[in-house]
Number of protein chains: 2
Amino acid sequence: MLEKLEIVRYYLTGLQATLCESLQDIETSGEKFLSDSWDRPEGGGGRSMVLEGQETFERAGVNFSYVQGENLPPSATAKRPQLAGRSFNATGVSIVIHPRNPYAPTSHANVRFFYAPAPESSNEEDIWWFGGGFDLTPYYGYREDAIAWHQAAKAACDPYGEHLYPKFKADCDEYFFLKHRNEPRGIGGIFYDDFDEGGFDNAFGLMKSVGNAYGSAYIDIVNKRVKKLYSDREKDFQEYRRGRYVEFNLVYDRGTHFGLQSNGRTESILVSMPPVAQWSYNYTPKPGTPEAELYDTFLKPQDWANMELPDDA
Amino acid sequence: MLEKLEIVRYYLTGLQATLCESLQDIETSGEKFLSDSWDRPEGGGGRSMVLEGQETFERAGVNFSYVQGENLPPSATAKRPQLAGRSFNATGVSIVIHPRNPYAPTSHANVRFFYAPAPESSNEEDIWWFGGGFDLTPYYGYREDAIAWHQAAKAACDPYGEHLYPKFKADCDEYFFLKHRNEPRGIGGIFYDDFDEGGFDNAFGLMKSVGNAYGSAYIDIVNKRVKKLYSDREKDFQEYRRGRYVEFNLVYDRGTHFGLQSNGRTESILVSMPPVAQWSYNYTPKPGTPEAELYDTFLKPQDWANMELPDDA
């Protein structure tokens with residue numbers, strides 16, 4: 001009965017290890033991820049992998065978690081009444097990477113699986129779905145990075161149907177949006193939930209395709225930007241913009257809210273917070289500066305995947 | 001009909017000016033508050049007074065706002081059905097002060113008035129209430145400061161009934177609490193809402209007493225701490241603890257949520273954010289250090305007002 005769950009967990013723990021190794025490979029300090037396993041008293045647990053205060057990565061968290069519950073509360077099952085009272089399992093890998101260099105963007109990725117097996121000796125069916133996606137938050141925008149990022153997202157989705165990327169891209173733009181600033185969090189990517197299209201093998205295939213595409217797409221971009229010299233000006237702007245990351249995650253992010261409200265492991269949930277953030281009253285960048293270009297060009301949803309890469313990229 | 005509202009607004013704009021002057025008096029850079037008036041398209045407006053990046057105050061916001069609305073939505077009137085459909089006015093002064101020196105605590109104060117006049121040619125009565133309070137968030141704890149702060153709070157309340165301070169103190173401890181950390185935001189103070197005890201004059205008297213007590217109580221404490229030398233260690237700890245301030249305000253604070261969700265003026269609402277905040281995975285202070293003392297002694301609700309000041313205070 002638990003076969004589906006086991007193979008997904010097997011993939012996820014492997015993805016966590018692979019990602020940490022790839023990120024360590026470009027961490028010039030030579031430091032490795034700290035591994036921190038924890039149990040959830042109500043059932044389940046996880047492993048947080050954290051790299052902090054290093055040269056390439058100022059704060060990087062790659063979390064695996066597995067939540068087990070006996071009885072889904074009615075509030076969680078309003079939309080799917082057949083779930084009421086079922087035991088459930090939720091497992092996923094969640095990643096937020098904050099590089100030190102302001103020219104290298106922050107990235108976030110998440111792949112998750114929800115599974116509520118049919119009660120034993122019932123005629124009902126297992127209920128399950130997948131969710132996930134990845135999105136990029138640059139401080140200084142590069143057209144070639146935005147195009148490459150979205151093309152990688154599209155390439156990960158297309159084998160599972162060409163209708164997926166446009167929907168997931170639009171859902172990502174809608175989700176990662178700061179209403180109180182009327183401003184997207186970054187240049188987006190893909191975001192999906194409740195996905196069971198084509199049956200388990202197909203939907204699991206999409207999880208693997210998305211999970212595997214994220215690391216190489218992100219590391220390519222970091223490698224291009226991480227050696228560029230910067231001054232206090234760029235660092236201050238990065239820390240100011242990281243304030244928006246804090247605002248989004250604490251005010252809007254459903255995963256963060258769910259975690260904090262459900263007695264989740266606070267330090268693992270909030271590893272998404274940047275190492276340092278600044279706020280400054282009524283700051284707006286001077287027109288014509290690279291900082292203004294972020295707002296004018298990159299913090300506007302655009303059809304990046306269908307743009308042509310610049311010749312010199 | 002608007003007499004109540006006018007005299008409260010008159011007091012509040014005066015309180016804002018007085019507080020800014022008192023704070024400027026101890027700002028060693030000599031810099032003055034920037035004044036920023038704004039209109040709310042739906043009715044009302046405000047004036048934000050901000051002092052940023054200075055020697056004494058790294059970020060200080062003293063906001064006056066006045067919100068006018070034509071029709072209270074049913075969601076806002078569930079508990080008081082007689083409010084439905086009434087026009088309303090809400091006005092207040094809200095203050096958050098982040099000193100630069102880690103030995104000087106952050107403080108917050110708010111006094112506010114809600115007023116929904118009886119519809120013309122009706123037999124109904126005006127509906128109004130007051131709310132407010134002040135609370136202190138030290139980074140390094142001092143018993144004499146905690147005692148003086150709570151004694152000032154008690155002294156402000158006592159003339160309006162000795163039952164008030166214990167209730168407002170308990171409500172403050174309950175309100176300024178980070179559930180996901182199982183940790184108070186600071187050493188508390190007083191917090192109240194829906195206050196109309198003893199009629200308008202009495203309840204307005206409490207507002208004035210609380211509003212007037214805050215400034216001198218806080219400035220006394222800042223003056224005692226602001227010249228103490230500190231190093232990166234204390235500054236880092238302050239910025240780390242300021243992360244908790246961010247977490248509280250963005251995850252829990254009802255005023256912040258209401259403001260951000262009701263198309264409030266974002267920069268005025270978020271002037272409560274610290275200038276710089278840090279996050280660090282699984283940080284805990286070493287036992288026996290002053291940082292550990294904050295957690296062990298000061299981040300536990302205590303009956304500060306009834307403790308004796310140390311002899312050397």
# chains A, B, ... in the order shown; residues from 1 in each chain; ligands from 1
call {"tool": "interface_residues", "arguments": {"of": "chain A", "to": "chain B", "cutoff": "7 Å", "atoms": "only C-alpha atoms", "output": "PyMOL selection string"}}
result
chain A and resi 180+247+250-251+260+263+266-267+271+273-282
call {"tool": "residues_around", "arguments": {"residues": "Tyr139 (chain A)", "least_positions_apart": "5", "cutoff": "8 Å", "atoms": "only C-alpha atoms", "output": "MDAnalysis selection string"}}
result
chainID A and resid 102:105 237:238 241 291 294
call {"tool": "atom_distance", "arguments": {"atom1": "CA of Ile95 (chain A)", "atom2": "CA of Met49 (chain A)"}}
result
9.5 Å
call {"tool": "atom_distance", "arguments": {"atom1": "CA of Gly205 (chain B)", "atom2": "CA of Arg9 (chain B)"}}
result
13.7 Å
call {"tool": "residues_around", "arguments": {"residues": "Gln68 (chain A)", "least_positions_apart": "5", "cutoff": "7 Å", "atoms": "only C-alpha atoms", "output": "NGL selection string"}}
result
:A and (43-44 or 88-90)
call {"tool": "select_by_dssp", "arguments": {"residues": "region 5-228 of chain A", "states": "alpha helix (DSSP H)", "output": "PyMOL selection string"}}
result
chain A and resi 5-25+143-157+164-175+199-225
call {"tool": "residues_around", "arguments": {"residues": "region 297-308 of chain B", "least_positions_apart": "4", "cutoff": "12 Å", "atoms": "only C-alpha atoms", "output": "number ranges by chain"}}
result
B: 136-155, 158, 165-166, 169-174, 176-178, 181-190, 241, 288-293, 312-313
call {"tool": "residues_around", "arguments": {"residues": "Tyr115 (chain B)", "least_positions_apart": "5", "cutoff": "9 Å", "atoms": "only C-alpha atoms", "output": "short mmCIF file (atom, residue, chain, number, x, y, z; two decimals) with N, CA and C atoms, in the first residue's frame"}}
result
data_model
loop_
_atom_site.label_atom_id
_atom_site.label_comp_id
_atom_site.auth_asym_id
_atom_site.auth_seq_id
_atom_site.Cartn_x
_atom_site.Cartn_y
_atom_site.Cartn_z
N LYS B 4 -16.07 64.83 19.49
CA LYS B 4 -15.19 63.82 20.10
C LYS B 4 -13.99 63.54 19.20
N LEU B 5 -14.31 63.32 17.94
CA LEU B 5 -13.24 62.99 17.00
C LEU B 5 -12.23 64.12 16.89
N SER B 87 -21.02 54.88 8.90
CA SER B 87 -19.72 55.45 8.56
C SER B 87 -18.85 55.41 9.81
N PHE B 88 -17.54 55.41 9.61
CA PHE B 88 -16.66 55.27 10.77
C PHE B 88 -15.40 56.10 10.58
N ASN B 89 -14.72 56.32 11.68
CA ASN B 89 -13.45 57.03 11.69
C ASN B 89 -12.51 56.29 12.63
N ALA B 90 -11.28 56.11 12.20
CA ALA B 90 -10.28 55.50 13.07
C ALA B 90 -9.05 56.38 12.99
N THR B 91 -8.55 56.75 14.13
CA THR B 91 -7.38 57.62 14.14
C THR B 91 -6.43 57.20 15.25
N ASP B 126 -23.88 57.26 19.43
CA ASP B 126 -22.52 57.13 18.87
C ASP B 126 -21.86 55.87 19.42
N ILE B 127 -21.06 55.22 18.60
CA ILE B 127 -20.28 54.08 19.08
C ILE B 127 -18.80 54.45 18.98
N TRP B 128 -18.08 54.25 20.03
CA TRP B 128 -16.67 54.62 20.03
C TRP B 128 -15.92 53.78 21.06
N TRP B 129 -14.64 53.64 20.83
CA TRP B 129 -13.79 53.04 21.86
C TRP B 129 -12.34 53.46 21.63
N PHE B 130 -11.56 53.26 22.67
CA PHE B 130 -10.13 53.57 22.61
C PHE B 130 -9.31 52.28 22.69
#
call {"tool": "select_by_dssp", "arguments": {"residues": "region 79-273 of chain B", "states": "strand (DSSP E)", "output": "number ranges by chain"}}
result
B: 88-99, 106-116, 127-137, 177-178, 183-184, 188-195
call {"tool": "residues_around", "arguments": {"residues": "Gln54 (chain B)", "least_positions_apart": "3", "cutoff": "7 Å", "atoms": "only C-alpha atoms", "output": "ChimeraX atom specification"}}
result
/B:29,57-58
call {"tool": "residues_around", "arguments": {"residues": "Glu27 (chain B)", "least_positions_apart": "3", "cutoff": "8 Å", "atoms": "only C-alpha atoms", "output": "JSON list (two decimals) with N, CA and C atoms, in the first residue's frame"}}
result
[["chain", "number", "residue", "atom", "x", "y", "z"],
["B", 23, "LEU", "N", 12.45, 63.08, 21.00],
["B", 23, "LEU", "CA", 13.40, 62.13, 20.42],
["B", 23, "LEU", "C", 14.53, 62.87, 19.72],
["B", 24, "GLN", "N", 14.20, 63.92, 19.00],
["B", 24, "GLN", "CA", 15.23, 64.73, 18.34],
["B", 24, "GLN", "C", 16.21, 65.31, 19.35],
["B", 30, "GLY", "N", 22.03, 65.44, 15.46],
["B", 30, "GLY", "CA", 21.41, 66.73, 15.18],
["B", 30, "GLY", "C", 20.35, 66.68, 14.10],
["B", 31, "GLU", "N", 20.21, 65.53, 13.49],
["B", 31, "GLU", "CA", 19.24, 65.38, 12.39],
["B", 31, "GLU", "C", 17.81, 65.47, 12.93],
["B", 54, "GLN", "N", 20.62, 57.44, 11.79],
["B", 54, "GLN", "CA", 21.31, 58.43, 12.62],
["B", 54, "GLN", "C", 22.15, 57.75, 13.70],
["B", 55, "GLU", "N", 22.77, 58.57, 14.56],
["B", 55, "GLU", "CA", 23.66, 58.04, 15.59],
["B", 55, "GLU", "C", 22.87, 57.39, 16.72],
["B", 56, "THR", "N", 21.90, 58.10, 17.25],
["B", 56, "THR", "CA", 21.12, 57.55, 18.37],
["B", 56, "THR", "C", 20.05, 56.61, 17.83],
["B", 57, "PHE", "N", 19.32, 57.05, 16.83],
["B", 57, "PHE", "CA", 18.22, 56.26, 16.30],
["B", 57, "PHE", "C", 18.56, 55.74, 14.91]]
call {"tool": "atom_distance", "arguments": {"atom1": "CA of Phe168 (chain B)", "atom2": "CA of Lys79 (chain B)"}}
result
21.1 Å
call {"tool": "decode", "arguments": {"residues": "region 51-88 of chain B", "atoms": "N, CA and C atoms", "output": "short mmCIF file (atom, residue, chain, number, x, y, z; two decimals), in the first residue's frame"}}
result
data_model
loop_
_atom_site.label_atom_id
_atom_site.label_comp_id
_atom_site.auth_asym_id
_atom_site.auth_seq_id
_atom_site.Cartn_x
_atom_site.Cartn_y
_atom_site.Cartn_z
N LEU B 51 12.92 59.13 11.15
CA LEU B 51 14.31 59.50 11.37
C LEU B 51 15.11 58.22 11.12
N GLU B 52 16.05 58.28 10.20
CA GLU B 52 16.68 57.03 9.76
C GLU B 52 18.18 57.20 9.64
N GLY B 53 18.90 56.13 10.00
CA GLY B 53 20.35 56.10 9.76
C GLY B 53 21.13 57.09 10.61
N GLN B 54 20.62 57.44 11.79
CA GLN B 54 21.31 58.43 12.62
C GLN B 54 22.15 57.75 13.70
N GLU B 55 22.77 58.57 14.56
CA GLU B 55 23.66 58.04 15.59
C GLU B 55 22.87 57.39 16.72
N THR B 56 21.90 58.10 17.25
CA THR B 56 21.12 57.55 18.37
C THR B 56 20.05 56.61 17.83
N PHE B 57 19.32 57.05 16.83
CA PHE B 57 18.22 56.26 16.30
C PHE B 57 18.56 55.74 14.91
N GLU B 58 18.60 54.43 14.82
CA GLU B 58 18.92 53.83 13.52
C GLU B 58 17.66 53.86 12.64
N ARG B 59 16.52 53.77 13.28
CA ARG B 59 15.26 53.92 12.54
C ARG B 59 14.14 54.21 13.54
N ALA B 60 13.49 55.35 13.37
CA ALA B 60 12.40 55.74 14.26
C ALA B 60 11.24 56.22 13.42
N GLY B 61 10.07 55.69 13.68
CA GLY B 61 8.86 56.10 12.96
C GLY B 61 7.79 56.52 13.94
N VAL B 62 7.24 57.70 13.74
CA VAL B 62 6.13 58.19 14.57
C VAL B 62 5.01 58.57 13.59
N ASN B 63 4.01 57.71 13.50
CA ASN B 63 2.97 57.87 12.48
C ASN B 63 1.67 58.37 13.08
N PHE B 64 1.10 59.38 12.44
CA PHE B 64 -0.29 59.73 12.72
C PHE B 64 -1.11 59.31 11.52
N SER B 65 -2.24 58.66 11.77
CA SER B 65 -3.10 58.34 10.63
C SER B 65 -4.57 58.52 11.00
N TYR B 66 -5.34 58.73 9.98
CA TYR B 66 -6.76 59.02 10.15
C TYR B 66 -7.47 58.35 8.98
N VAL B 67 -8.30 57.38 9.30
CA VAL B 67 -8.99 56.61 8.26
C VAL B 67 -10.49 56.87 8.38
N GLN B 68 -11.08 57.20 7.24
CA GLN B 68 -12.50 57.49 7.19
C GLN B 68 -13.15 56.52 6.25
N GLY B 69 -14.31 55.99 6.62
CA GLY B 69 -14.98 55.07 5.71
C GLY B 69 -16.47 55.29 5.75
N GLU B 70 -17.12 54.93 4.65
CA GLU B 70 -18.55 55.22 4.55
C GLU B 70 -19.42 54.10 5.08
N ASN B 71 -18.96 52.88 4.90
CA ASN B 71 -19.82 51.74 5.17
C ASN B 71 -19.01 50.62 5.79
N LEU B 72 -19.20 50.38 7.07
CA LEU B 72 -18.44 49.28 7.67
C LEU B 72 -18.87 47.95 7.08
N PRO B 73 -17.92 47.15 6.60
CA PRO B 73 -18.29 45.85 6.03
C PRO B 73 -18.78 44.90 7.13
N PRO B 74 -19.68 43.96 6.78
CA PRO B 74 -20.20 43.01 7.78
C PRO B 74 -19.08 42.27 8.51
N SER B 75 -17.97 41.96 7.81
CA SER B 75 -16.87 41.23 8.46
C SER B 75 -16.32 42.02 9.64
N ALA B 76 -16.38 43.35 9.57
CA ALA B 76 -15.82 44.17 10.64
C ALA B 76 -16.82 44.36 11.77
N THR B 77 -18.05 43.96 11.55
CA THR B 77 -19.11 44.30 12.50
C THR B 77 -19.78 43.06 13.07
N ALA B 78 -19.19 41.89 12.85
CA ALA B 78 -19.81 40.65 13.31
C ALA B 78 -20.09 40.70 14.81
N LYS B 79 -19.12 41.27 15.56
CA LYS B 79 -19.28 41.30 17.01
C LYS B 79 -20.17 42.45 17.48
N ARG B 80 -20.31 43.47 16.64
CA ARG B 80 -21.13 44.63 17.00
C ARG B 80 -22.07 44.93 15.85
N PRO B 81 -23.17 44.14 15.73
CA PRO B 81 -24.05 44.26 14.56
C PRO B 81 -24.61 45.68 14.38
N GLN B 82 -24.72 46.44 15.49
CA GLN B 82 -25.27 47.80 15.34
C GLN B 82 -24.35 48.73 14.55
N LEU B 83 -23.11 48.24 14.27
CA LEU B 83 -22.18 49.06 13.48
C LEU B 83 -22.42 48.94 11.98
N ALA B 84 -23.11 47.88 11.57
CA ALA B 84 -23.23 47.58 10.13
C ALA B 84 -23.79 48.78 9.38
N GLY B 85 -23.13 49.13 8.30
CA GLY B 85 -23.61 50.19 7.45
C GLY B 85 -23.25 51.59 7.92
N ARG B 86 -22.73 51.71 9.15
CA ARG B 86 -22.38 53.05 9.64
C ARG B 86 -21.10 53.56 8.99
N SER B 87 -21.02 54.88 8.90
CA SER B 87 -19.72 55.45 8.56
C SER B 87 -18.85 55.41 9.81
N PHE B 88 -17.54 55.41 9.61
CA PHE B 88 -16.66 55.27 10.77
C PHE B 88 -15.40 56.10 10.58
#
